[in-house]
$ cat coords-v9.txt   # compact mmCIF, C-alpha atoms and all ligand atoms
# COMPACT_ATOMS: atom_id res chain seq x y z
CA MET A 932 -2.30 -42.07 10.94
CA LYS A 933 -5.16 -41.26 8.53
CA LYS A 934 -7.43 -40.59 11.50
CA LEU A 935 -4.85 -38.24 13.04
CA LEU A 936 -4.54 -36.35 9.76
CA MET A 937 -8.32 -36.02 9.53
CA ILE A 938 -8.48 -34.68 13.10
CA ALA A 939 -5.65 -32.23 12.33
CA LEU A 940 -7.41 -31.00 9.19
CA TYR A 941 -10.75 -30.72 11.01
CA THR A 942 -9.15 -28.84 13.91
CA SER A 943 -7.30 -26.43 11.63
CA SER A 944 -10.47 -25.74 9.63
CA ILE A 945 -12.53 -24.95 12.71
CA CYS A 946 -9.71 -22.89 14.22
CA ALA A 947 -8.78 -20.85 11.14
CA LYS A 948 -9.50 -17.19 11.68
CA THR A 949 -11.39 -15.30 9.01
CA TRP A 950 -10.35 -12.20 7.10
CA LEU A 951 -12.82 -10.19 5.06
CA VAL A 952 -10.86 -8.44 2.31
CA PHE A 953 -12.22 -5.38 0.51
CA GLY A 954 -10.60 -5.01 -2.90
CA GLY A 955 -9.86 -8.76 -2.83
CA SER A 956 -11.71 -9.66 -6.05
CA THR A 957 -10.12 -7.29 -8.54
CA GLY A 958 -7.52 -5.16 -6.74
CA TRP A 959 -3.84 -5.65 -7.40
CA ILE A 960 -2.81 -5.67 -3.73
CA GLY A 961 -6.13 -7.10 -2.50
CA GLN A 962 -5.75 -10.24 -4.63
CA MET A 963 -2.16 -10.68 -3.47
CA ALA A 964 -3.34 -10.30 0.13
CA ILE A 965 -5.98 -13.03 -0.30
CA THR A 966 -3.32 -15.45 -1.59
CA MET A 967 -0.93 -14.54 1.23
CA LEU A 968 -3.61 -14.95 3.93
CA ARG A 969 -4.63 -18.38 2.62
CA LYS A 970 -0.96 -19.44 2.50
CA GLN A 971 -0.71 -18.50 6.17
CA GLY A 972 -3.71 -20.70 6.99
CA TYR A 973 -6.43 -18.07 7.31
CA ASP A 974 -9.86 -18.12 5.71
CA ALA A 975 -9.78 -15.13 3.38
CA ILE A 976 -13.06 -13.98 1.94
CA SER A 977 -13.38 -11.37 -0.74
CA ALA A 978 -15.96 -8.75 0.27
CA GLN A 979 -18.81 -8.10 -2.15
CA SER A 980 -20.10 -4.76 -0.80
CA ARG A 981 -19.19 -1.37 -2.18
CA LEU A 982 -17.51 0.50 0.65
CA GLN A 983 -19.96 3.40 0.67
CA ASN A 984 -23.07 1.19 0.92
CA ARG A 985 -23.41 1.18 4.69
CA GLU A 986 -26.30 -1.29 4.99
CA SER A 987 -24.55 -3.75 2.71
CA VAL A 988 -21.19 -3.41 4.52
CA LEU A 989 -22.81 -3.85 7.92
CA HIS A 990 -24.80 -6.85 6.72
CA GLU A 991 -21.69 -8.47 5.22
CA ILE A 992 -19.68 -8.00 8.43
CA GLN A 993 -22.54 -9.41 10.52
CA THR A 994 -22.95 -12.37 8.18
CA VAL A 995 -19.28 -13.29 7.65
CA LYS A 996 -18.33 -12.47 11.27
CA PRO A 997 -14.66 -11.93 10.36
CA ASN A 998 -11.92 -11.82 12.98
CA PHE A 999 -10.18 -9.13 10.93
CA ILE A 1000 -10.95 -6.87 7.98
CA LEU A 1001 -8.39 -5.76 5.40
CA ASN A 1002 -9.29 -2.70 3.39
CA ALA A 1003 -7.33 -2.90 0.14
CA ALA A 1004 -10.06 -1.04 -1.75
CA GLY A 1005 -9.54 2.49 -2.92
CA VAL A 1006 -9.71 4.76 -5.91
CA THR A 1007 -6.30 5.54 -7.34
CA GLY A 1008 -7.36 6.68 -10.82
CA ARG A 1009 -6.70 5.27 -14.26
CA PRO A 1010 -4.32 5.58 -15.97
CA ASN A 1011 -2.99 7.46 -12.93
CA VAL A 1012 -3.95 9.73 -10.04
CA ASP A 1013 -4.52 12.67 -12.41
CA TRP A 1014 -7.94 11.06 -12.97
CA CYS A 1015 -8.91 11.99 -9.40
CA GLU A 1016 -8.48 15.70 -10.19
CA ASP A 1017 -11.51 15.55 -12.49
CA HIS A 1018 -13.49 12.92 -10.56
CA ARG A 1019 -13.55 14.45 -7.12
CA GLN A 1020 -16.91 13.15 -5.93
CA GLU A 1021 -16.13 9.58 -7.08
CA THR A 1022 -12.78 9.78 -5.31
CA LEU A 1023 -14.32 11.13 -2.10
CA ARG A 1024 -17.10 8.52 -2.22
CA THR A 1025 -14.66 5.64 -1.99
CA ASN A 1026 -11.54 7.05 -0.35
CA ILE A 1027 -13.25 8.97 2.44
CA ILE A 1028 -16.95 8.18 2.69
CA GLY A 1029 -16.40 4.51 1.82
CA ALA A 1030 -13.32 3.87 3.94
CA LEU A 1031 -14.87 5.66 6.93
CA THR A 1032 -18.13 3.76 6.51
CA LEU A 1033 -16.27 0.47 6.58
CA CYS A 1034 -14.19 1.40 9.64
CA ASP A 1035 -17.25 2.75 11.45
CA CYS A 1036 -19.32 -0.39 10.76
CA ALA A 1037 -16.39 -2.55 11.88
CA PHE A 1038 -16.07 -0.42 15.04
CA LEU A 1039 -19.75 -1.03 15.86
CA CYS A 1040 -19.19 -4.78 15.32
CA ASP A 1041 -15.93 -4.73 17.31
CA VAL A 1042 -13.79 -5.95 14.40
CA PRO A 1043 -10.23 -4.66 13.82
CA VAL A 1044 -9.51 -3.12 10.40
CA ILE A 1045 -6.15 -2.98 8.69
CA ASN A 1046 -6.44 -0.15 6.18
CA LEU A 1047 -4.04 0.23 3.26
CA GLY A 1048 -3.31 3.94 3.22
CA THR A 1049 -0.49 5.85 1.61
CA GLY A 1050 2.69 7.68 2.59
CA CYS A 1051 2.22 10.00 -0.40
CA ILE A 1052 1.10 12.73 2.01
CA TYR A 1053 4.58 14.15 2.60
CA SER A 1054 7.13 16.03 0.55
CA TYR A 1055 10.81 16.73 1.37
CA ASP A 1056 11.17 20.00 3.31
CA GLU A 1057 13.71 21.91 5.43
CA GLN A 1058 13.51 19.47 8.34
CA HIS A 1059 13.30 16.40 6.08
CA GLN A 1060 15.81 16.94 3.29
CA MET A 1061 16.73 14.41 0.64
CA LEU A 1062 19.35 11.86 1.78
CA SER A 1063 19.44 13.37 5.27
CA ASP A 1064 18.07 10.19 6.89
CA ALA A 1065 15.48 12.42 8.55
CA GLY A 1066 12.37 10.60 7.41
CA PHE A 1067 8.81 11.63 8.19
CA LYS A 1068 7.51 9.97 11.34
CA GLU A 1069 3.97 8.77 11.88
CA GLU A 1070 3.09 11.79 14.04
CA ASP A 1071 4.47 14.42 11.62
CA GLU A 1072 1.84 16.67 10.12
CA PRO A 1073 1.25 15.78 6.43
CA ASN A 1074 2.63 18.52 4.16
CA PHE A 1075 1.75 17.28 0.67
CA ALA A 1076 -1.71 17.86 -0.76
CA GLY A 1077 -0.49 18.56 -4.30
CA SER A 1078 -2.95 16.05 -5.76
CA PHE A 1079 -6.61 15.50 -4.93
CA TYR A 1080 -5.79 11.81 -4.37
CA SER A 1081 -3.24 12.71 -1.66
CA TYR A 1082 -5.64 15.25 -0.20
CA THR A 1083 -8.30 12.56 0.32
CA LYS A 1084 -5.72 10.23 1.84
CA ILE A 1085 -4.57 12.94 4.30
CA MET A 1086 -8.15 13.49 5.42
CA LEU A 1087 -8.63 9.76 5.90
CA ASP A 1088 -5.26 9.33 7.65
CA LYS A 1089 -6.37 11.94 10.21
CA MET A 1090 -9.94 10.74 10.68
CA LEU A 1091 -8.97 7.11 11.11
CA GLN A 1092 -6.93 8.07 14.16
CA GLU A 1093 -10.26 8.51 15.98
CA TYR A 1094 -11.05 4.80 15.48
CA PRO A 1095 -9.46 2.54 18.12
CA ASN A 1096 -10.07 -0.54 15.94
CA VAL A 1097 -7.95 0.66 12.98
CA LEU A 1098 -4.35 0.17 11.90
CA ASN A 1099 -3.57 2.44 8.94
CA LEU A 1100 -0.59 1.23 6.92
CA ARG A 1101 1.12 3.92 4.87
CA LEU A 1102 2.39 2.27 1.68
CA ARG A 1103 4.66 3.99 -0.84
CA MET A 1104 5.47 3.13 -4.46
CA PRO A 1105 4.78 -0.59 -4.00
CA ILE A 1106 7.13 -3.04 -5.69
CA SER A 1107 6.35 -6.67 -6.36
CA ASP A 1108 7.77 -9.58 -8.32
CA ASP A 1109 4.90 -9.76 -10.82
CA LEU A 1110 5.87 -6.82 -13.02
CA ASN A 1111 2.16 -5.93 -12.93
CA LYS A 1112 1.41 -2.56 -14.50
CA ARG A 1113 0.62 -1.17 -11.03
CA ASN A 1114 4.07 -2.19 -9.78
CA PHE A 1115 6.23 0.95 -9.39
CA ILE A 1116 9.07 -0.62 -11.40
CA THR A 1117 6.78 -1.39 -14.32
CA LYS A 1118 5.30 2.10 -14.09
CA ILE A 1119 8.64 3.92 -14.35
CA THR A 1120 9.94 1.67 -17.12
CA ARG A 1121 6.94 2.73 -19.22
CA TYR A 1122 7.29 6.47 -18.75
CA GLN A 1123 8.89 8.38 -21.60
CA LYS A 1124 10.97 10.38 -19.12
CA VAL A 1125 11.65 9.79 -15.45
CA VAL A 1126 12.59 12.13 -12.59
CA ASN A 1127 15.53 10.88 -10.59
CA ILE A 1128 14.64 11.31 -6.92
CA PRO A 1129 15.32 9.14 -3.86
CA ASN A 1130 12.12 7.73 -2.36
CA SER A 1131 10.86 5.33 0.26
CA MET A 1132 9.26 2.25 -1.27
CA SER A 1133 7.29 -0.79 -0.11
CA VAL A 1134 8.44 -4.23 -1.27
CA LEU A 1135 5.16 -6.10 -0.99
CA HIS A 1136 6.89 -9.44 -0.77
CA ASP A 1137 8.52 -8.33 2.51
CA LEU A 1138 5.65 -6.36 3.98
CA LEU A 1139 2.30 -7.96 3.09
CA PRO A 1140 3.04 -11.23 4.97
CA LEU A 1141 3.51 -9.19 8.17
CA ILE A 1142 -0.12 -8.01 8.17
CA PRO A 1143 -1.53 -11.06 10.01
CA GLN A 1144 1.08 -10.71 12.76
CA MET A 1145 0.25 -7.01 13.06
CA ALA A 1146 -3.42 -7.90 13.44
CA GLU A 1147 -2.71 -10.66 15.97
CA ARG A 1148 -0.48 -8.29 17.96
CA GLY A 1149 -3.30 -5.74 18.04
CA LEU A 1150 -1.31 -2.89 16.44
CA ARG A 1151 -3.35 0.29 15.94
CA GLY A 1152 -2.91 3.83 14.65
CA ASN A 1153 -0.72 5.01 11.78
CA LEU A 1154 2.29 2.99 10.69
CA ASN A 1155 4.78 3.78 7.91
CA PHE A 1156 4.70 0.60 5.82
CA VAL A 1157 7.95 0.83 3.84
CA ASN A 1158 11.34 -0.84 3.68
CA PRO A 1159 13.95 1.24 5.51
CA GLY A 1160 16.02 3.72 3.49
CA VAL A 1161 15.52 5.30 0.09
CA ILE A 1162 16.48 4.47 -3.47
CA PHE A 1163 16.87 6.71 -6.52
CA HIS A 1164 14.61 5.96 -9.47
CA ASN A 1165 17.70 5.71 -11.69
CA GLU A 1166 19.14 2.99 -9.43
CA ILE A 1167 15.98 0.93 -9.94
CA LEU A 1168 16.11 1.48 -13.69
CA ALA A 1169 19.81 0.54 -13.87
CA LEU A 1170 19.07 -2.72 -12.04
CA TYR A 1171 16.13 -3.35 -14.36
CA LYS A 1172 18.43 -2.88 -17.35
CA GLU A 1173 21.12 -5.10 -15.87
CA TYR A 1174 18.89 -8.00 -14.87
CA ILE A 1175 15.65 -7.83 -16.85
CA ASP A 1176 16.09 -6.03 -20.15
CA PRO A 1177 19.62 -5.13 -21.38
CA THR A 1178 18.14 -3.15 -24.29
CA PHE A 1179 16.25 -0.83 -21.94
CA VAL A 1180 17.07 2.89 -22.16
CA TRP A 1181 15.53 5.84 -20.37
CA GLN A 1182 15.66 9.59 -20.22
CA ASN A 1183 15.54 11.84 -17.18
CA PHE A 1184 13.91 15.20 -16.77
CA SER A 1185 13.60 17.75 -13.96
CA ILE A 1186 10.81 17.93 -11.40
CA GLU A 1187 9.72 21.23 -12.98
CA GLU A 1188 9.39 19.57 -16.43
CA HIS A 1189 7.70 16.59 -14.78
CA ASP A 1190 5.13 18.81 -13.02
CA SER A 1191 4.43 20.71 -16.23
CA ILE A 1192 3.10 17.61 -18.03
CA LEU A 1193 0.89 16.38 -15.17
CA LYS A 1194 -2.39 17.67 -13.81
CA ALA A 1195 -1.38 16.98 -10.24
CA LYS A 1196 1.97 17.04 -8.47
CA ARG A 1197 3.55 13.85 -7.11
CA SER A 1198 4.90 13.31 -3.64
CA ASN A 1199 8.57 12.47 -3.03
CA ASN A 1200 9.78 11.66 0.45
CA GLU A 1201 11.50 9.40 2.91
CA LEU A 1202 9.31 7.80 5.57
CA ASP A 1203 10.89 6.89 8.89
CA ALA A 1204 10.55 3.10 9.23
CA SER A 1205 11.76 2.86 12.85
CA LYS A 1206 8.31 2.22 14.36
CA LEU A 1207 7.80 -0.66 11.91
CA LEU A 1208 11.33 -1.98 12.52
CA GLY A 1209 10.60 -1.92 16.26
CA GLN A 1210 8.05 -4.65 15.57
CA PHE A 1211 9.81 -6.38 12.65
CA PRO A 1212 13.58 -5.72 12.76
CA GLN A 1213 14.23 -8.22 9.93
CA ILE A 1214 12.82 -6.01 7.14
CA PRO A 1215 15.70 -5.42 4.69
CA HIS A 1216 16.93 -2.03 3.44
CA ILE A 1217 15.25 -1.00 0.19
CA LYS A 1218 18.54 -1.03 -1.77
CA LYS A 1219 19.40 -4.54 -0.70
CA ARG A 1220 15.89 -5.67 -1.52
CA SER A 1221 15.74 -4.03 -4.95
CA TYR A 1222 18.99 -5.72 -5.89
CA LEU A 1223 17.64 -9.11 -4.84
CA PHE A 1224 14.41 -8.42 -6.63
CA LEU A 1225 15.91 -7.56 -9.95
CA ASN A 1226 18.77 -10.05 -9.73
CA GLY A 1227 16.50 -12.97 -10.42
CA CYS A 1228 14.66 -11.93 -13.55
CA GLY A 1229 11.65 -10.74 -11.60
CA LYS A 1230 11.62 -13.57 -9.11
CA MET A 1231 11.79 -12.55 -5.47
CA CYS A 1232 14.23 -14.50 -3.35
N1 LIG B 1301 -0.66 0.80 -6.03
C1 LIG B 1301 -0.09 1.86 -5.49
O1 LIG B 1301 0.82 2.49 -6.09
C2 LIG B 1301 -0.48 2.30 -4.09
C3 LIG B 1301 0.40 3.10 -3.35
C4 LIG B 1301 0.04 3.49 -2.07
C5 LIG B 1301 -1.20 3.14 -1.58
N2 LIG B 1301 -2.06 2.38 -2.32
C6 LIG B 1301 -3.39 2.11 -1.78
O2 LIG B 1301 -3.60 0.71 -1.67
C7 LIG B 1301 -4.95 0.41 -1.99
C8 LIG B 1301 -4.97 -0.70 -3.04
O3 LIG B 1301 -4.26 -0.27 -4.18
P1 LIG B 1301 -4.18 -1.16 -5.51
O4 LIG B 1301 -2.96 -0.70 -6.23
O5 LIG B 1301 -4.36 -2.59 -5.21
O6 LIG B 1301 -5.47 -0.59 -6.28
P2 LIG B 1301 -6.34 -1.27 -7.45
O7 LIG B 1301 -5.60 -2.36 -8.14
O8 LIG B 1301 -6.84 -0.12 -8.26
O9 LIG B 1301 -7.54 -1.92 -6.66
C9 LIG B 1301 -8.50 -1.13 -6.05
C10 LIG B 1301 -9.59 -2.04 -5.55
O10 LIG B 1301 -10.54 -1.21 -4.86
C11 LIG B 1301 -11.83 -1.63 -5.25
N3 LIG B 1301 -12.75 -0.50 -5.09
C12 LIG B 1301 -12.67 0.73 -5.60
N4 LIG B 1301 -13.70 1.47 -5.20
C13 LIG B 1301 -14.45 0.67 -4.38
C14 LIG B 1301 -15.63 0.84 -3.64
N5 LIG B 1301 -16.27 2.02 -3.63
N6 LIG B 1301 -16.12 -0.19 -2.93
C15 LIG B 1301 -15.49 -1.38 -2.92
N7 LIG B 1301 -14.35 -1.63 -3.61
C16 LIG B 1301 -13.85 -0.61 -4.33
C17 LIG B 1301 -11.69 -2.02 -6.71
O11 LIG B 1301 -12.79 -2.83 -7.04
P3 LIG B 1301 -13.58 -2.67 -8.44
O12 LIG B 1301 -12.62 -3.17 -9.47
O13 LIG B 1301 -14.76 -3.52 -8.27
O14 LIG B 1301 -13.88 -1.20 -8.55
C18 LIG B 1301 -10.37 -2.77 -6.66
O15 LIG B 1301 -10.59 -4.08 -6.25
C19 LIG B 1301 -5.60 1.72 -2.44
O16 LIG B 1301 -6.36 2.29 -1.39
C20 LIG B 1301 -4.44 2.61 -2.75
O17 LIG B 1301 -4.73 3.97 -2.52
C21 LIG B 1301 -1.71 1.93 -3.56
$ encode --input "coords-v9.txt" --output "C-alpha cells"
Amino acid sequence: MKKLLMIALYTSSICAKTWLVFGGSTGWIGQMAITMLRKQGYDAISAQSRLQNRESVLHEIQTVKPNFILNAAGVTGRPNVDWCEDHRQETLRTNIIGALTLCDCAFLCDVPVINLGTGCIYSYDEQHQMLSDAGFKEEDEPNFAGSFYSYTKIMLDKMLQEYPNVLNLRLRMPISDDLNKRNFITKITRYQKVVNIPNSMSVLHDLLPLIPQMAERGLRGNLNFVNPGVIFHNEILALYKEYIDPTFVWQNFSIEEHDSILKAKRSNNELDASKLLGQFPQIPHIKKRSYLFLNGCGKMC
C-alpha cells in the first residue's frame, strides 16, 4: 500500500504541468491564482521578471519551461486608476510594453498565455442600453477610453488578437470572499457616495478555477470573463448591510457628480457572457452568486 502511494505521488509529481504566474508574488488575483492552481494539482511558480525586461522574461520562460503562463500582472494605480492619468509612461511600460513583451516571448517559445485583461473598455450606448440584456460581445468595438487605464487596456486587447498563443480574459469589478481592499464590494463600501448603476461583475470564486480547463482546451482570443447578468451597486450594498454589517449606511449620487470628483471617468456596462457559457454553462447568474456570497458572512458557498 505504502509502495503504491509512493508510486502515485512520484507519478503525479513528474506529470504535474507547470504554470508560470506573473503577478503571483504580490498581486491580489495573482496570489489567488497560485493557490487555485496548486489546489488543482499544478506546479505554480511565481515569475520574478519585470514584464518589460525582455531578456529576463525570455530567460525565465526558457529556464522554467512552463506549459502555460498566466499574466496577472498589471498597473491599475493606487489608490485607484486616477493614478494612471498622471503616470502615463509607467502605465504604458507595464500594461502595453510589458504585456506585449511577455506574450511575444511566450509566442517565440511556443507557450500559451492566459492574460487577465479587463471589460472596462465599454460603456452603455444606444445599441447596448442598461437592462436591455444586449451585452457587449467579444467582437464589438471598444467604445470607452474615458480613462488612460482603459485606453491602455483597449490597445492591448486589440494587439493581443494578433498572437495565436493568447487567451485574453476580460474581467470586470472582481468580487471575492476575502473582503480584500481590491474586492469591488470592499471598494464600494468605503466610498463616501456611490453611483447606482447595473454592471457585469466577475465572481473570482466561480471563474478563476476555470482557467486551467480553458488552457487545457486551448481557448484563444478575447473572452468576456464575467458571471452572466448585471447587478445594481445598491443591490450589493443592501446585501452587505443585511449579511455583513447591519450598521452600514451609504449615500448615492449621480454619474455627473461622480465624474466631477474623479480625474478619469469609469466604465459601466454589461458584457455578453454567452461565449463563456458555451464552454462553462454552470456559471451562476451574478445576482444569485452575490446573494450566496453575502449570505455567509463573507464565506463563499
Ligand atoms: N482588481 C480589479 O478591479 C481588476 C479589474 C479588471 C481587470 N484587472 C486586471 O487584472 C490584473 C491583476 O489585477 P490585481 O487586482 O490583482 O492587481 P494588483 O493587486 O495591483 O497586482 C498587480 C501585480 O502586477 C505586478 N506588476 C505590476 N507591474 C509589473 C511589471 N512591470 N512587471 C511585473 N509585475 C508587475 C505587481 O507586482 P509588484 O507588486 O512587484 O509591482 C502585482 O503583483 C491587472 O492587469 C488588472 O488590470 C483587475
$ residues_around --input "coords-v9.txt" --residues "Thr1049 in chain A" --least-positions-apart "6" --cutoff "8 Å" --atoms "only C-alpha atoms" --output "PyMOL selection string"
chain A and resi 1084+1100-1103
$ axis_aligned_box --input "coords-v9.txt" --around "range 967-981 of chain A" --padding-each-side "8 Å" --output "lines of an AutoDock Vina configuration file"
center_x = -10.4
center_y = -11.0
center_z = 2.6
size_x = 35.4
size_y = 35.3
size_z = 25.5
$ residues_around --input "coords-v9.txt" --residues "Asn1158 in chain A" --least-positions-apart "6" --cutoff "6 Å" --atoms "only C-alpha atoms" --output "list in words"
Ser1133, His1216 and Ile1217 of chain A
$ write_last_selection --input "coords-v9.txt" --atoms "C-alpha atoms" --output "PDB file, in the frame of the given file"
ATOM      1  CA  SER A1133       7.290  -0.790  -0.110  1.00  0.00           C
ATOM      2  CA  HIS A1216      16.930  -2.030   3.440  1.00  0.00           C
ATOM      3  CA  ILE A1217      15.250  -1.000   0.190  1.00  0.00           C
TER       4      ILE A1217
END
$ atom_distance --input "coords-v9.txt" --atom1 "CA of Ser1078 in chain A" --atom2 "CA of Cys1015 in chain A"
8.1 Å
$ residues_near_ligand --input "coords-v9.txt" --ligand "ligand LIG 1301 (chain B)" --cutoff "7 Å" --atoms "only C-alpha atoms and all ligand atoms" --output "number ranges by chain"
A: 953-961, 980-983, 1003-1007, 1024-1025, 1029, 1047-1050, 1101-1105, 1113-1115
$ atom_distance --input "coords-v9.txt" --atom1 "CA of Tyr1082 in chain A" --atom2 "CA of Cys1051 in chain A"
9.5 Å
$ residues_near_point --input "coords-v9.txt" --point "(15.1, -0.6, -13.3)" --cutoff "12 Å" --atoms "only C-alpha atoms" --output "PyMOL selection string"
chain A and resi 1106+1110+1114-1122+1125+1127+1162-1181+1221-1222+1224-1226+1228-1229
$ closest_residue --input "coords-v9.txt" --among "A:Leu1033, A:Asp1108, A:Val1126, A:Ile1214" --to "Leu1001 in chain A" --atoms "only C-alpha atoms"
A:Leu1033
$ atom_distance --input "coords-v9.txt" --atom1 "CA of Met1132 in chain A" --atom2 "CA of Leu1207 in chain A"
13.6 Å
$ closest_residue --input "coords-v9.txt" --among "A:Ile1186, A:Ile992, A:Ala1030, A:Ala978" --to "Val1097 in chain A" --atoms "all atoms listed in the file"
A:Ala1030
$ residues_near_point --input "coords-v9.txt" --point "(-19.8, 2.0, 9.6)" --cutoff "10 Å" --atoms "only C-alpha atoms" --output "PyMOL selection string"
chain A and resi 982-986+988-989+1028-1040
$ closest_residue --input "coords-v9.txt" --among "A:Ser1198, A:Thr966, A:Asn1074, A:Asn1096" --to "Glu1057 in chain A" --atoms "all atoms listed in the file"
A:Asn1074
$ residues_around --input "coords-v9.txt" --residues "Gln1144 in chain A" --least-positions-apart "3" --cutoff "12 Å" --atoms "all atoms listed in the file" --output "mmCIF file with C-alpha atoms, keeping the file's coordinate frame"
data_model
loop_
_atom_site.group_PDB
_atom_site.id
_atom_site.type_symbol
_atom_site.label_atom_id
_atom_site.label_comp_id
_atom_site.auth_asym_id
_atom_site.auth_seq_id
_atom_site.Cartn_x
_atom_site.Cartn_y
_atom_site.Cartn_z
ATOM 1 C CA LEU A 968 -3.610 -14.950 3.930
ATOM 2 C CA GLN A 971 -0.710 -18.500 6.170
ATOM 3 C CA TYR A 973 -6.430 -18.070 7.310
ATOM 4 C CA PHE A 999 -10.180 -9.130 10.930
ATOM 5 C CA ILE A 1045 -6.150 -2.980 8.690
ATOM 6 C CA LEU A 1138 5.650 -6.360 3.980
ATOM 7 C CA LEU A 1139 2.300 -7.960 3.090
ATOM 8 C CA PRO A 1140 3.040 -11.230 4.970
ATOM 9 C CA LEU A 1141 3.510 -9.190 8.170
ATOM 10 C CA GLU A 1147 -2.710 -10.660 15.970
ATOM 11 C CA ARG A 1148 -0.480 -8.290 17.960
ATOM 12 C CA GLY A 1149 -3.300 -5.740 18.040
ATOM 13 C CA LEU A 1150 -1.310 -2.890 16.440
ATOM 14 C CA GLN A 1210 8.050 -4.650 15.570
ATOM 15 C CA PHE A 1211 9.810 -6.380 12.650
#
$ closest_residue --input "coords-v9.txt" --among "A:Asn1111, A:Pro1143, A:Ile1192, A:Pro1073" --to "Gly972 in chain A" --atoms "only C-alpha atoms"
A:Pro1143
$ closest_residue --input "coords-v9.txt" --among "A:Asn1155, A:Asn1046, A:Asn1130, A:Thr994" --to "Glu1070 in chain A" --atoms "all atoms listed in the file"
A:Asn1155
